[in-house]
Structure formats: C-alpha cells, structure tokens
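Undergrad: So here's entry-v7.txt, just compact mmCIF, C-alpha atoms and all ligand atoms:
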```
# COMPACT_ATOMS: atom_id res chain seq x y z
CA VAL A 8 54.40 -79.45 40.97
CA ILE A 9 57.38 -78.38 43.05
CA ALA A 10 56.33 -78.76 46.68
CA ALA A 11 58.41 -76.10 48.43
CA ASP A 12 55.88 -75.65 51.23
CA GLY A 13 58.23 -75.96 54.18
CA HIS A 14 58.95 -78.59 56.80
CA ALA A 15 55.28 -79.26 57.62
CA SER A 16 54.60 -79.68 53.89
CA GLY A 17 50.92 -80.42 53.38
CA ILE A 18 51.73 -81.76 49.92
CA ARG A 19 54.24 -84.26 51.30
CA GLN A 20 51.73 -85.37 53.91
CA ALA A 21 48.93 -85.68 51.36
CA LEU A 22 51.18 -87.93 49.29
CA GLY A 23 51.85 -90.08 52.36
CA ILE A 24 55.61 -89.62 52.10
CA GLU A 25 57.19 -90.47 55.47
CA ARG A 26 60.39 -88.99 56.87
CA SER A 27 63.41 -90.56 58.57
CA GLY A 28 66.32 -89.16 60.59
CA ARG A 29 67.14 -88.06 64.14
CA GLY A 30 63.68 -86.48 64.36
CA GLN A 31 62.54 -83.69 66.66
CA LEU A 32 65.47 -82.44 68.77
CA GLN A 33 64.11 -79.59 70.85
CA THR A 34 61.80 -76.62 70.80
CA MET A 35 63.69 -73.37 70.42
CA ARG A 36 62.74 -69.75 71.04
CA SER A 37 64.01 -66.82 69.00
CA ILE A 38 63.77 -63.28 70.39
CA LEU A 39 64.60 -60.25 68.28
CA PHE A 40 65.18 -57.33 70.63
CA ARG A 41 66.74 -53.91 70.75
CA ALA A 42 68.96 -52.93 73.65
CA PRO A 43 71.56 -50.18 74.01
CA ILE A 44 74.64 -51.50 75.81
CA PRO A 45 77.30 -49.60 77.83
CA ASP A 46 80.07 -47.93 75.83
CA ASP A 47 82.86 -50.27 77.02
CA LEU A 48 80.88 -53.37 75.99
CA ALA A 49 79.81 -51.69 72.73
CA ALA A 50 83.49 -51.03 71.95
CA LYS A 51 84.31 -54.73 72.47
CA VAL A 52 81.39 -55.79 70.27
CA ALA A 53 82.52 -53.32 67.57
CA ALA A 54 86.10 -54.63 67.77
CA ASN A 55 84.78 -58.17 67.40
CA ARG A 56 82.77 -57.13 64.34
CA GLU A 57 85.96 -55.73 62.80
CA ARG A 58 87.41 -59.23 63.20
CA GLY A 59 84.29 -60.78 61.60
CA ILE A 60 82.76 -61.99 64.88
CA VAL A 61 79.02 -61.24 65.16
CA GLN A 62 77.68 -64.41 66.77
CA TYR A 63 78.18 -65.54 70.37
CA SER A 64 77.56 -68.82 72.21
CA ILE A 65 76.15 -68.07 75.66
CA GLU A 66 77.19 -70.65 78.23
CA GLN A 67 76.08 -69.80 81.76
CA PRO A 68 75.28 -72.34 84.50
CA ALA A 69 71.52 -71.84 84.11
CA PHE A 70 71.32 -70.51 80.57
CA THR A 71 72.74 -71.61 77.22
CA GLY A 72 71.88 -69.96 73.96
CA PHE A 73 73.07 -68.29 70.82
CA LEU A 74 73.25 -64.52 70.41
CA ALA A 75 73.80 -62.61 67.19
CA ARG A 76 74.41 -58.86 66.89
CA GLY A 77 72.20 -56.98 64.43
CA LEU A 78 73.78 -55.03 61.62
CA GLY A 79 74.37 -51.33 62.15
CA ASP A 80 71.96 -50.78 65.08
CA ASP A 81 71.44 -51.94 68.66
CA SER A 82 69.35 -55.00 67.75
CA TRP A 83 70.14 -58.59 68.81
CA LEU A 84 68.80 -62.03 67.96
CA LEU A 85 68.72 -64.52 70.83
CA MET A 86 67.93 -68.24 70.43
CA PHE A 87 67.67 -70.81 73.20
CA PRO A 88 65.84 -74.06 74.02
CA ASP A 89 62.46 -73.15 75.51
CA ASP A 90 59.39 -75.28 76.06
CA ARG A 91 57.14 -72.77 77.81
CA ASP A 92 55.12 -69.65 77.04
CA ARG A 93 56.70 -66.35 78.16
CA ASP A 94 55.20 -62.94 78.75
CA GLU A 95 56.98 -59.66 77.92
CA ASP A 96 58.76 -59.56 81.30
CA ALA A 97 60.07 -63.11 80.90
CA LEU A 98 61.31 -62.32 77.40
CA GLN A 99 63.13 -59.23 78.66
CA ASP A 100 64.63 -61.31 81.49
CA ALA A 101 66.01 -63.77 78.94
CA ALA A 102 67.58 -60.88 76.99
CA ARG A 103 69.18 -59.48 80.18
CA THR A 104 70.50 -62.90 81.18
CA ALA A 105 72.01 -63.50 77.74
CA ILE A 106 73.79 -60.15 77.60
CA GLY A 107 74.70 -60.36 81.27
CA ILE A 108 73.43 -56.92 82.34
CA GLY A 109 70.66 -56.99 84.95
CA ALA A 110 69.51 -53.42 84.24
CA LEU A 111 69.49 -53.84 80.44
CA ASP A 112 66.70 -51.80 78.82
CA ALA A 113 65.46 -54.40 76.29
CA THR A 114 62.63 -53.73 73.86
CA ILE A 115 61.17 -56.91 72.36
CA ILE A 116 60.59 -56.59 68.61
CA ALA A 117 59.44 -60.13 67.81
CA THR A 118 59.52 -63.61 69.25
CA GLY A 119 58.44 -67.12 68.31
CA ARG A 120 59.15 -70.77 68.95
CA TRP A 121 60.17 -73.36 66.40
CA ASP A 122 61.18 -76.99 66.34
CA ALA A 123 64.78 -77.92 65.66
CA SER A 124 64.51 -81.22 63.85
CA ALA A 125 66.38 -83.45 61.43
CA LEU A 126 64.05 -85.29 59.09
CA ILE A 127 64.56 -86.40 55.51
CA ALA A 128 61.67 -87.42 53.24
CA ASP A 129 61.84 -91.05 52.18
CA ARG A 130 61.21 -89.98 48.55
CA PHE A 131 61.90 -86.59 46.98
CA ALA A 132 59.56 -87.26 44.06
CA GLN A 133 56.29 -89.00 43.47
CA GLY A 134 54.70 -88.94 40.06
CA ARG A 135 54.66 -85.33 38.88
CA VAL A 136 55.38 -83.88 42.35
CA PHE A 137 58.91 -82.97 43.47
CA LEU A 138 59.70 -82.06 47.07
CA ALA A 139 62.26 -79.27 47.52
CA GLY A 140 63.73 -77.38 50.46
CA ASP A 141 62.49 -78.06 53.99
CA ALA A 142 59.57 -80.05 52.57
CA ALA A 143 62.19 -82.61 51.49
CA HIS A 144 64.70 -82.21 54.36
CA THR A 145 64.51 -80.30 57.60
CA LEU A 146 67.93 -79.85 59.16
CA PRO A 147 68.65 -77.93 62.37
CA PRO A 148 70.51 -74.61 62.05
CA SER A 149 74.23 -75.31 61.96
CA ARG A 150 77.35 -73.32 61.30
CA GLY A 151 77.56 -74.81 57.84
CA GLY A 152 74.20 -73.27 56.86
CA TYR A 153 72.76 -76.53 55.52
CA GLY A 154 69.11 -75.42 55.62
CA ALA A 155 68.30 -72.86 52.95
CA ASN A 156 71.47 -73.70 51.03
CA THR A 157 70.41 -77.32 50.60
CA GLY A 158 66.98 -76.21 49.38
CA ILE A 159 68.43 -73.76 46.86
CA GLU A 160 70.65 -76.53 45.50
CA ASP A 161 67.60 -78.81 45.18
CA VAL A 162 65.95 -76.50 42.71
CA HIS A 163 69.25 -75.79 40.97
CA ASN A 164 69.38 -79.53 40.31
CA LEU A 165 65.71 -79.79 39.37
CA ALA A 166 64.97 -76.67 37.30
CA TRP A 167 67.05 -77.48 34.21
CA LYS A 168 65.75 -81.05 34.20
CA LEU A 169 62.15 -79.86 34.29
CA ALA A 170 62.86 -77.34 31.51
CA ALA A 171 64.50 -80.04 29.38
CA VAL A 172 61.61 -82.47 29.82
CA LEU A 173 58.92 -79.82 29.31
CA SER A 174 60.60 -78.65 26.10
CA GLY A 175 60.58 -82.24 24.81
CA ALA A 176 64.37 -82.40 24.47
CA SER A 177 64.72 -84.93 27.31
CA ARG A 178 62.62 -87.90 28.38
CA PRO A 179 60.86 -87.85 31.78
CA ALA A 180 63.43 -90.43 32.97
CA LEU A 181 65.78 -87.47 33.50
CA LEU A 182 63.57 -86.38 36.39
CA ASP A 183 64.18 -89.68 38.20
CA THR A 184 67.73 -88.50 38.77
CA TYR A 185 66.50 -85.68 41.05
CA ASP A 186 65.79 -88.03 43.98
CA ALA A 187 68.86 -90.14 43.19
CA GLU A 188 71.17 -87.13 43.24
CA ARG A 189 69.69 -84.92 45.96
CA ARG A 190 68.50 -87.28 48.70
CA PRO A 191 72.02 -88.60 49.46
CA VAL A 192 73.20 -84.99 49.78
CA ALA A 193 70.51 -84.30 52.39
CA TRP A 194 71.61 -87.41 54.30
CA LEU A 195 75.27 -86.42 54.06
CA ARG A 196 74.45 -83.05 55.65
CA HIS A 197 72.21 -84.68 58.24
CA ASP A 198 75.01 -87.03 59.32
CA GLN A 199 77.63 -84.28 59.27
CA ILE A 200 75.54 -82.06 61.55
CA PHE A 201 75.45 -84.79 64.21
CA ALA A 202 79.15 -85.56 63.77
CA ARG A 203 79.95 -81.98 64.87
CA PRO A 204 80.32 -80.75 68.46
CA ASP A 205 77.24 -78.44 68.26
CA TYR A 206 74.87 -81.40 67.95
CA ALA A 207 77.03 -84.18 69.45
CA ALA A 208 74.65 -84.38 72.41
CA PHE A 209 71.88 -85.45 70.02
CA ALA A 210 74.03 -87.85 67.99
CA ASP A 211 73.37 -91.53 67.71
CA THR A 212 76.27 -92.85 69.78
CA THR A 213 76.64 -95.90 67.56
CA THR A 214 77.74 -93.81 64.57
CA ASP A 215 81.34 -92.74 64.05
CA THR A 216 81.14 -90.35 61.11
CA PRO A 217 84.37 -88.53 60.23
CA ILE A 218 83.90 -84.73 60.10
CA LEU A 219 84.33 -83.32 56.58
CA ASP A 220 85.36 -79.79 55.60
CA ASP A 221 82.41 -77.38 55.27
CA VAL A 222 83.59 -76.52 51.76
CA ALA A 223 83.55 -80.22 50.84
CA ILE A 224 79.95 -80.50 51.99
CA GLU A 225 78.77 -77.29 50.29
CA LEU A 226 80.71 -77.47 47.03
CA GLY A 227 82.35 -80.86 46.82
CA GLN A 228 79.50 -83.36 46.99
CA LEU A 229 79.40 -86.21 44.51
CA TYR A 230 76.22 -86.91 42.55
CA ARG A 231 75.41 -90.48 41.55
CA SER A 232 72.52 -91.35 39.22
CA ALA A 233 71.66 -93.29 36.11
CA ALA A 234 72.34 -90.18 34.00
CA LEU A 235 75.96 -89.80 35.07
CA CYS A 236 78.55 -91.70 33.07
CA ASP A 237 80.88 -92.50 35.96
CA ASN A 238 82.06 -96.00 35.01
CA GLY A 239 81.05 -97.17 38.48
CA ALA A 240 84.21 -95.77 40.12
CA VAL A 241 84.18 -96.01 43.93
CA LEU A 242 84.53 -92.45 45.20
CA PRO A 243 83.88 -90.65 48.50
CA ALA A 244 80.56 -88.82 48.99
CA ALA A 245 82.32 -85.45 49.25
CA LEU A 246 85.78 -83.92 48.98
CA ARG A 247 87.08 -80.35 48.87
CA PRO A 248 86.83 -79.06 45.28
CA ASP A 249 90.64 -79.00 44.96
CA GLN A 250 90.75 -82.71 45.89
CA TRP A 251 88.56 -83.73 42.93
CA ALA A 252 89.98 -84.09 39.43
CA GLY A 253 87.05 -83.71 37.06
CA GLN A 254 85.26 -86.97 37.92
CA PRO A 255 81.71 -87.25 36.47
CA GLY A 256 79.21 -86.36 39.22
CA THR A 257 81.37 -83.59 40.67
CA ARG A 258 81.00 -79.86 40.20
CA ALA A 259 83.16 -78.60 37.31
CA PRO A 260 86.20 -76.91 38.86
CA HIS A 261 87.02 -73.21 38.86
CA MET A 262 89.96 -71.94 36.81
CA TRP A 263 90.72 -68.44 35.57
CA LEU A 264 90.52 -67.85 31.80
CA THR A 265 90.57 -64.91 29.41
CA ARG A 266 88.04 -64.40 26.61
CA ARG A 267 88.43 -61.47 24.21
CA GLY A 268 90.39 -59.58 26.86
CA HIS A 269 87.91 -60.33 29.69
CA HIS A 270 88.94 -62.25 32.76
CA LEU A 271 86.44 -65.00 33.63
CA SER A 272 86.14 -68.23 35.58
CA THR A 273 85.37 -71.59 34.01
CA LEU A 274 82.28 -71.45 36.27
CA ASP A 275 81.03 -68.40 34.32
CA LEU A 276 80.83 -70.62 31.23
CA PHE A 277 78.26 -72.99 32.70
CA GLY A 278 74.62 -72.65 33.69
CA HIS A 279 73.21 -71.86 30.26
CA GLY A 280 73.00 -75.33 28.71
CA TRP A 281 75.15 -78.33 27.92
CA ALA A 282 78.81 -77.57 27.25
CA LEU A 283 81.88 -79.41 26.01
CA LEU A 284 85.17 -78.16 27.39
CA THR A 285 88.40 -79.26 25.71
CA ASP A 286 91.73 -77.97 24.50
CA ASP A 287 91.71 -80.23 21.46
CA GLU A 288 90.18 -79.07 18.15
CA ASN A 289 89.23 -82.64 17.19
CA TRP A 290 86.12 -82.29 19.34
CA ARG A 291 84.60 -79.34 17.42
CA GLU A 292 83.03 -81.45 14.68
CA ALA A 293 82.13 -84.15 17.21
CA SER A 294 80.15 -81.71 19.33
CA GLU A 295 78.26 -80.34 16.30
CA LEU A 296 77.35 -83.87 15.26
CA ALA A 297 76.36 -84.94 18.77
CA ALA A 298 74.06 -81.91 19.15
CA LYS A 299 72.47 -82.54 15.75
CA THR A 300 71.95 -86.22 16.38
CA THR A 301 70.53 -85.95 19.90
CA GLY A 302 68.61 -82.69 19.48
CA ILE A 303 70.34 -81.41 22.65
CA SER A 304 71.94 -78.04 22.18
CA LEU A 305 75.62 -78.24 23.10
CA GLU A 306 78.09 -75.38 23.35
CA TYR A 307 81.64 -76.11 22.25
CA LEU A 308 84.11 -74.36 24.54
CA PRO A 309 87.66 -74.59 23.19
CA ILE A 310 90.47 -73.82 25.61
CA GLY A 311 93.42 -72.30 23.83
CA THR A 312 91.51 -70.64 20.98
CA ASP A 313 88.40 -68.78 22.22
CA LEU A 314 89.17 -69.29 25.90
CA LEU A 315 92.75 -68.55 26.78
CA THR A 316 94.91 -69.70 29.63
CA THR A 317 98.63 -69.77 30.18
CA GLU A 318 98.08 -72.85 32.31
CA THR A 319 96.85 -75.52 29.88
CA GLN A 320 98.37 -78.27 31.99
CA GLN A 321 96.60 -76.91 35.06
CA PHE A 322 93.31 -77.06 33.11
CA ARG A 323 93.94 -80.69 32.18
CA THR A 324 94.86 -81.62 35.74
CA ALA A 325 91.80 -79.89 37.22
CA PHE A 326 89.46 -81.65 34.76
CA GLY A 327 91.39 -84.95 34.83
CA LEU A 328 92.07 -84.90 31.08
CA ALA A 329 95.02 -85.95 28.96
CA GLU A 330 96.14 -83.82 26.00
CA LEU A 331 93.27 -84.81 23.69
CA GLY A 332 90.46 -85.26 26.20
CA ALA A 333 87.13 -83.47 26.72
CA SER A 334 84.68 -82.89 29.53
CA LEU A 335 80.88 -82.75 29.11
CA ILE A 336 79.25 -80.32 31.55
CA ARG A 337 75.54 -80.29 32.45
CA PRO A 338 73.45 -77.14 32.61
CA ASP A 339 73.89 -77.11 36.41
CA GLY A 340 77.69 -77.07 36.10
CA TYR A 341 78.18 -80.72 37.06
CA ILE A 342 80.40 -82.99 34.98
CA ALA A 343 78.27 -85.61 33.23
CA TRP A 344 80.97 -87.46 31.33
CA ARG A 345 84.56 -87.13 30.24
CA SER A 346 86.82 -88.74 27.74
CA VAL A 347 90.26 -88.62 29.29
CA ASP A 348 91.85 -89.10 25.85
CA LEU A 349 90.66 -88.91 22.26
CA PRO A 350 88.51 -91.98 21.52
CA ALA A 351 88.66 -93.75 18.14
CA ASP A 352 85.36 -92.11 17.16
CA PRO A 353 84.88 -88.91 19.20
CA ALA A 354 81.50 -88.09 17.60
CA ALA A 355 80.06 -91.52 18.41
CA ALA A 356 81.42 -91.46 21.98
CA LEU A 357 80.14 -87.96 22.66
CA THR A 358 76.76 -88.61 21.05
CA SER A 359 76.26 -91.70 23.16
CA ALA A 360 77.29 -89.88 26.36
CA LEU A 361 75.08 -86.86 25.65
CA ARG A 362 72.10 -89.02 24.72
CA HIS A 363 72.49 -90.95 27.95
CA ALA A 364 73.26 -88.02 30.29
CA ALA A 365 70.50 -85.78 28.92
CA ALA A 366 68.01 -88.65 28.47
CA ALA A 367 67.63 -87.28 24.95
CA SER A 368 64.20 -87.81 23.43
CA ARG A 369 65.57 -88.10 19.93
CA THR A 370 66.64 -91.71 19.42
CA ALA A 371 68.13 -91.35 15.92
CA GLY A 372 69.64 -88.59 13.79
CA PRO A 373 67.48 -85.58 12.82
CA GLU A 374 66.57 -87.25 9.56
CA GLY A 375 66.34 -90.74 11.10
CA LYS A 376 63.08 -92.60 11.33
CA GLY A 377 63.48 -93.02 15.10
CA ALA A 378 63.30 -89.28 15.82
CA THR A 379 60.71 -88.94 18.57
CA ARG A 380 60.64 -85.23 19.38
C1 LIG B 1 66.42 -70.09 63.47
C2 LIG B 1 66.79 -70.60 62.13
C3 LIG B 1 68.00 -70.23 61.57
C4 LIG B 1 68.36 -70.70 60.31
N1 LIG B 1 69.56 -70.30 59.78
C5 LIG B 1 69.92 -70.74 58.56
C6 LIG B 1 71.16 -70.34 57.98
O1 LIG B 1 71.93 -69.59 58.58
N2 LIG B 1 71.47 -70.81 56.75
C7 LIG B 1 70.64 -71.63 56.08
O2 LIG B 1 70.98 -72.04 54.96
N3 LIG B 1 69.45 -72.01 56.59
C8 LIG B 1 69.07 -71.59 57.81
N4 LIG B 1 67.87 -71.97 58.36
C9 LIG B 1 66.99 -72.87 57.62
C10 LIG B 1 66.18 -72.13 56.59
O3 LIG B 1 65.46 -71.08 57.19
C11 LIG B 1 65.22 -73.11 55.91
O4 LIG B 1 65.95 -74.24 55.47
C12 LIG B 1 64.56 -72.45 54.70
O5 LIG B 1 63.82 -71.32 55.11
C13 LIG B 1 63.65 -73.44 54.01
O6 LIG B 1 63.11 -72.81 52.89
P1 LIG B 1 61.83 -73.39 52.19
O7 LIG B 1 61.49 -72.40 51.12
O8 LIG B 1 62.03 -74.80 51.82
O9 LIG B 1 60.70 -73.42 53.32
P2 LIG B 1 60.07 -72.22 54.13
O10 LIG B 1 61.04 -71.11 54.34
O11 LIG B 1 59.42 -72.82 55.33
O12 LIG B 1 58.98 -71.67 53.13
C14 LIG B 1 57.81 -72.41 52.84
C15 LIG B 1 56.74 -71.41 52.46
O13 LIG B 1 55.62 -72.13 51.94
C16 LIG B 1 54.46 -71.50 52.43
N5 LIG B 1 53.35 -72.46 52.35
C17 LIG B 1 53.15 -73.59 53.07
N6 LIG B 1 52.03 -74.19 52.68
C18 LIG B 1 51.52 -73.47 51.67
C19 LIG B 1 50.36 -73.59 50.84
N7 LIG B 1 49.51 -74.61 50.96
N8 LIG B 1 50.15 -72.65 49.92
C20 LIG B 1 51.00 -71.60 49.77
N9 LIG B 1 52.11 -71.44 50.52
C21 LIG B 1 52.35 -72.35 51.46
C22 LIG B 1 54.82 -71.11 53.86
O14 LIG B 1 53.97 -70.10 54.35
C23 LIG B 1 56.24 -70.60 53.67
O15 LIG B 1 56.28 -69.25 53.31
C24 LIG B 1 67.49 -71.55 59.61
C25 LIG B 1 66.26 -71.92 60.18
C26 LIG B 1 65.92 -71.47 61.42
C27 LIG B 1 64.60 -71.88 62.03
```
Would you mind writing the file's structure down as structure tokens?
TA:
Amino acid sequence: VIAADGHASGIRQALGIERSGRGQLQTMRSILFRAPIPDDLAAKVAANRERGIVQYSIEQPAFTGFLARGLGDDSWLLMFPDDRDRDEDALQDAARTAIGIGALDATIIATGRWDASALIADRFAQGRVFLAGDAAHTLPPSRGGYGANTGIEDVHNLAWKLAAVLSGASRPALLDTYDAERRPVAWLRHDQIFARPDYAAFADTTTDTPILDDVAIELGQLYRSAALCDNGAVLPAALRPDQWAGQPGTRAPHMWLTRRGHHLSTLDLFGHGWALLTDDENWREASELAAKTTGISLEYLPIGTDLLTTETQQFRTAFGLAELGASLIRPDGYIAWRSVDLPADPAAALTSALRHAAAASRTAGPEGKGATR
C-alpha cells in the first residue's frame, strides 16, 4: 500500500506512526477572488508579469499576506494568517486591504483555511505500507516549492523499487532503502525552510543551519542507504549539481550527447531500467555477464560509439571517472556505484555492485544452483 492520503493521513495514524518537527505554525486563510483594478495599476501589474513577477508580499502595519495574480484574467489569490471565521463582507474587506483600494469591487470565488505545519513522520514505511507525500512530510509553502515536489520525488524513488520487488528481480530488502533515502531529504527541506527569512520567525533559535541553494535542495541531494556503494565517503547532504562529480548517491549529471543524429541529454538515457555508462569498450562484456548472472536487466550505454560527444573529458569529469571507468545508474537516474578505473576483473566487480545495489534475488548464475527467482 502506498499511503498518499495527505497530511492528516488516516493510514499513518492507524499505524501509530508519530511525527516530529516544528509542528503547527499557524492557521492560514486562502481567498480566490476576482477584482478589476484601475488601468494604471493594471499596467504596472502587466509590466511586472513581463518581468516574471506574479507574486507579491503584502506588508502593511495591520495586515501581512501573500498575493498572487491569476493568469490571463482579473483573478487573485490572497493568503494570510487568520484564526477566525469570516463572512462575505469580511472576505471582501481583506481583498480590498491587500490590494490597497477601498472601493475595490471584489467577487469571492472560493475561500478556506488550512494549517501551515512542518511535521515529518518518524518512519516512512511499516511492513507493506509506504507513506508518500504529505502523509510522510508536511512542509509549509515556501519559495522553493518543497511540498508537492518532495512528494513526487518520494514516489519516483519508490515506484521502481516496488516494481523490481513485485517482479521478483529484487529482494524486499530493496524497499528498506525508501525510508533510508527519503526521510533525510524531508528533514533537509524542513531545516532549510526554517533557515530562510520567510520562516525565520518560527525557527528554533538554537539552530544555525547554513542556507543552501534551491537547486542544491531540489536536484543535488545525496542519498545514503545500504543499497548504495559509496565506500562510506563523508559528503555534504546536498550540493548544486555542478558541484558533484558522479559520487554514488547523487543524481547522474546532465551532459549533451548525440545519438544517430539526435541531440539528447544523458538524463534522457535514464529512467527505463539499470544502465552502465562508460567510454571504455572493456565494459560491454562485463555488463552482459553481470545482467545474466544477477537476472537484473542492464543497458550498456557506450559513450564514443553509440552515444557521441566531442567532450569526452567533460563526460569523465562530470561522472568522476578516469579513462577506463564506468558508472552504474539506477532506474531513478541516481548513481548506484562507479568504478573510477578499470578493475582487474570488471565483470566480477560490476556483478557484485549490481547484485548489491539492486538487492538481486538471484544469488548465483542463471544455471547456478543458488538461483532463487
Ligand atoms: C496554500 C498552499 C500552497 C502550496 N504551494 C505549493 C507549491 O507552490 N509547490 C509545492 O510543491 N507544493 C505546494 N504546496 C504543498 C502541496 O499542495 C502538497 O504538498 C501536496 O498537495 C501534497 O500532495 P499529496 O498527494 O501528498 O496530498 P494531498 O494533496 O493532500 O492529497 C491527498 C488526497 O488523499 C485523499 N484521501 C485522504 N484520505 C483518503 C481515503 N481514506 N481514501 C481515499 N482518498 C483519501 C484526499 O482527499 C486528497 O485528495 C502548497 C500547499 C498549500 C496548502
């Protein structure tokens, strides 16, 4: 079961899984309304939109909130802290105050209140149940968009593992890596939200968390789990993608390539299954053998023959490989293992890494007595 039943998750509660974090911050109100505004103000709003500005922080002595302009019409979304019930007149008053026009003709389309909270489940999995999205982590809206995005990444991490275990290719132990890999990411985002000015007022004053780049948090997080062959290297929890160099546990980097005349990114190569990326032909036979032995299907992706680049050195630098190295990429595009150079027995090294990283069910060769699939 994937419990994606939102922040009040009945499934999480039924399992008795508690949550930790900064907790309930404040009750917020959202009002979606329509209001024509005077031409001079409309011209300023349109000019702002041209510059990519569609959201406004409202800071008045007696009113603070967040206002966003609707797309292509005269609608607005207003959000502000609010712990009381409001009738239609009071809602219209709030809209007028936010826009700053006392005679504004505001039509309320919808309104509701919701709790801004920061709570992370103490376990993301229990038995055959996996928490995902707000059921696993509720984070307050922030400019980094860590709510829905974090939930989408949860299932991106989980789906291929479930498919692999259900097909019999991988052992259920692979699913243990879901909590190990995703819960630290939720905590990283939790702590980053309170390190930023928007939520500084709610921060625990004893913490002194350095603020990371948004792109580091969204695309540069490091996964750690029993399935990742990382040699125990001490690395930061997140860096910008261009600051990584192909370390296991990081997202495989983007680089432009050409295949049969088509321009494509390295990222287009991943997401279908396990893949081995290398610019050394020695790995071709090794990858066939590793796939056969483990029962895990593995695509061999040779740079320089099928996949062309004029920047072979740039490829090696981005993936942290020497001339004869190879990088093993998981179905979710994360690097599971790499061999910086050519090992003495590439087939044995790759087979061992793939067996470990995929928690392969097959424990001996296809003809071996230990085959368990
Ligand atoms: C004002 C606001 C602004 C936000 N802005 C952003 C943003 O800009 N970027 C961003 O990334 N995130 C944003 N978020 C957060 C984002 O909305 C949530 O993180 C996201 O919706 C969580 O998705 P979810 O599927 O986990 O849960 P939900 O969206 O809560 O969906 C859970 C669903 O499960 C259903 N459900 C519950 N129980 C059961 C049951 N027993 N049986 C069947 N169905 C059930 C519910 O009805 C609901 O439809 C914002 C949130 C708020 C409140």
Undergrad: Is there a way to get, as a PyMOL selection string, all residues within 7 Å of the point (56.1, -60.7, 72.3) in file coordinates, counting all atoms listed in the file?
TA: chain A and resi 94-95+115+117-118
Undergrad: So which one's closest to ligand LIG 1 (chain B), A:Arg29, A:Arg135, A:His144, A:Arg103? Using only C-alpha atoms and all ligand atoms, please.
TA: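 Of all the options, A:His144 lies closest to ligand LIG 1 (chain B).
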Undergrad: What does the list of residues within 10 Å of ligand LIG 1 (chain B) look like if you count only C-alpha atoms and all ligand atoms, written as a PyMOL selection string?
TA: chain A and resi 10-18+35-37+84-87+119-124+138-159+161
Undergrad: List the spatial neighbours of region 252-261 of chain A as JSON, numbers by chain - criterion: any atom at most 9 Å away, all atoms listed in the file, same-chain residues fewer than 3 positions off excluded.
TA: {"A": [226, 227, 228, 229, 230, 231, 232, 235, 236, 237, 238, 245, 248, 249, 272, 273, 274, 275, 277, 323, 324, 325, 326, 327, 328, 334, 335, 336, 339, 340, 341, 342, 343, 344, 345]}
Undergrad: In Å, how far is it from CA of Gln62 (chain A) to CA of Thr104 (chain A)?
TA: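 Separating CA of Gln62 (chain A) from CA of Thr104 (chain A) is a distance of 16.2 Å.
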Undergrad: Please, what distance in Å, to one decimal, runs between CA of Ile24 (chain A) and CA of Ile9 (chain A)?
TA: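 Going from CA of Ile24 (chain A) over to CA of Ile9 (chain A) covers 14.5 Å.
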Undergrad: Nearest to Ala113 (chain A): which of A:Ala42, A:Ala50, A:Ala128, A:Val222 is it, counting all atoms listed in the file?
TA: A:Ala42
Undergrad: Work out how far apart CA of Arg58 (chain A) and CA of Arg76 (chain A) are and give it in Å to one decimal.
TA: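 Pair CA of Arg58 (chain A) / CA of Arg76 (chain A) returns 13.5 Å.
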Undergrad: Under the rule that only C-alpha atoms are counted, which of A:His279, A:Arg26, A:Arg178, A:Arg266 is the nearest residue to Thr301 (chain A)?
TA: A:Arg178
Undergrad: Excluding Pro204 (chain A) and residues on its chain fewer than 4 positions from it, collect all residues at most 12 Å away from it, counting only C-alpha atoms, and give them as an MDAnalysis selection string.
TA: chainID A and resid 149:150 199:200 208:210 218
Undergrad: Quick one: of A:Gly311, A:Pro45, A:Pro243, A:Gly280, who's nearest to Thr265 (chain A), counting all atoms listed in the file?
TA: A:Gly311
Undergrad: Complete the atom set of region 132-144 of chain A to N, CA, C and O atoms and return it as a short mmCIF file (atom, residue, chain, number, x, y, z; two decimals), in the frame of the given file.
TA:
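To be explicit, this is the file written out as out28.cif:
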```cif
data_model
loop_
_atom_site.label_atom_id
_atom_site.label_comp_id
_atom_site.auth_asym_id
_atom_site.auth_seq_id
_atom_site.Cartn_x
_atom_site.Cartn_y
_atom_site.Cartn_z
N ALA A 132 60.45 -87.43 45.22
CA ALA A 132 59.56 -87.26 44.06
C ALA A 132 58.52 -88.36 44.08
O ALA A 132 58.79 -89.49 44.52
N GLN A 133 57.35 -87.99 43.65
CA GLN A 133 56.29 -89.00 43.47
C GLN A 133 55.43 -88.54 42.30
O GLN A 133 54.81 -87.47 42.37
N GLY A 134 55.44 -89.34 41.26
CA GLY A 134 54.70 -88.94 40.06
C GLY A 134 55.20 -87.60 39.56
O GLY A 134 56.40 -87.41 39.35
N ARG A 135 54.28 -86.65 39.42
CA ARG A 135 54.66 -85.33 38.88
C ARG A 135 54.98 -84.32 39.98
O ARG A 135 55.08 -83.12 39.71
N VAL A 136 55.12 -84.79 41.22
CA VAL A 136 55.38 -83.88 42.35
C VAL A 136 56.83 -84.07 42.83
O VAL A 136 57.29 -85.19 43.02
N PHE A 137 57.52 -82.95 43.01
CA PHE A 137 58.91 -82.97 43.47
C PHE A 137 59.01 -82.15 44.75
O PHE A 137 58.61 -80.99 44.77
N LEU A 138 59.51 -82.77 45.81
CA LEU A 138 59.70 -82.06 47.07
C LEU A 138 61.02 -81.30 47.00
O LEU A 138 62.03 -81.85 46.56
N ALA A 139 61.01 -80.06 47.50
CA ALA A 139 62.26 -79.27 47.52
C ALA A 139 62.33 -78.48 48.81
O ALA A 139 61.31 -78.11 49.40
N GLY A 140 63.54 -78.18 49.25
CA GLY A 140 63.73 -77.38 50.46
C GLY A 140 63.32 -78.16 51.70
O GLY A 140 63.43 -79.38 51.76
N ASP A 141 62.83 -77.41 52.71
CA ASP A 141 62.49 -78.06 53.99
C ASP A 141 61.38 -79.10 53.83
O ASP A 141 61.26 -79.99 54.68
N ALA A 142 60.58 -79.02 52.80
CA ALA A 142 59.57 -80.05 52.57
C ALA A 142 60.26 -81.41 52.36
O ALA A 142 59.73 -82.45 52.74
N ALA A 143 61.44 -81.37 51.77
CA ALA A 143 62.19 -82.61 51.49
C ALA A 143 63.12 -82.97 52.64
O ALA A 143 63.35 -84.14 52.92
N HIS A 144 63.71 -81.94 53.30
CA HIS A 144 64.70 -82.21 54.36
C HIS A 144 64.70 -81.04 55.32
O HIS A 144 64.95 -79.91 54.95
#
```
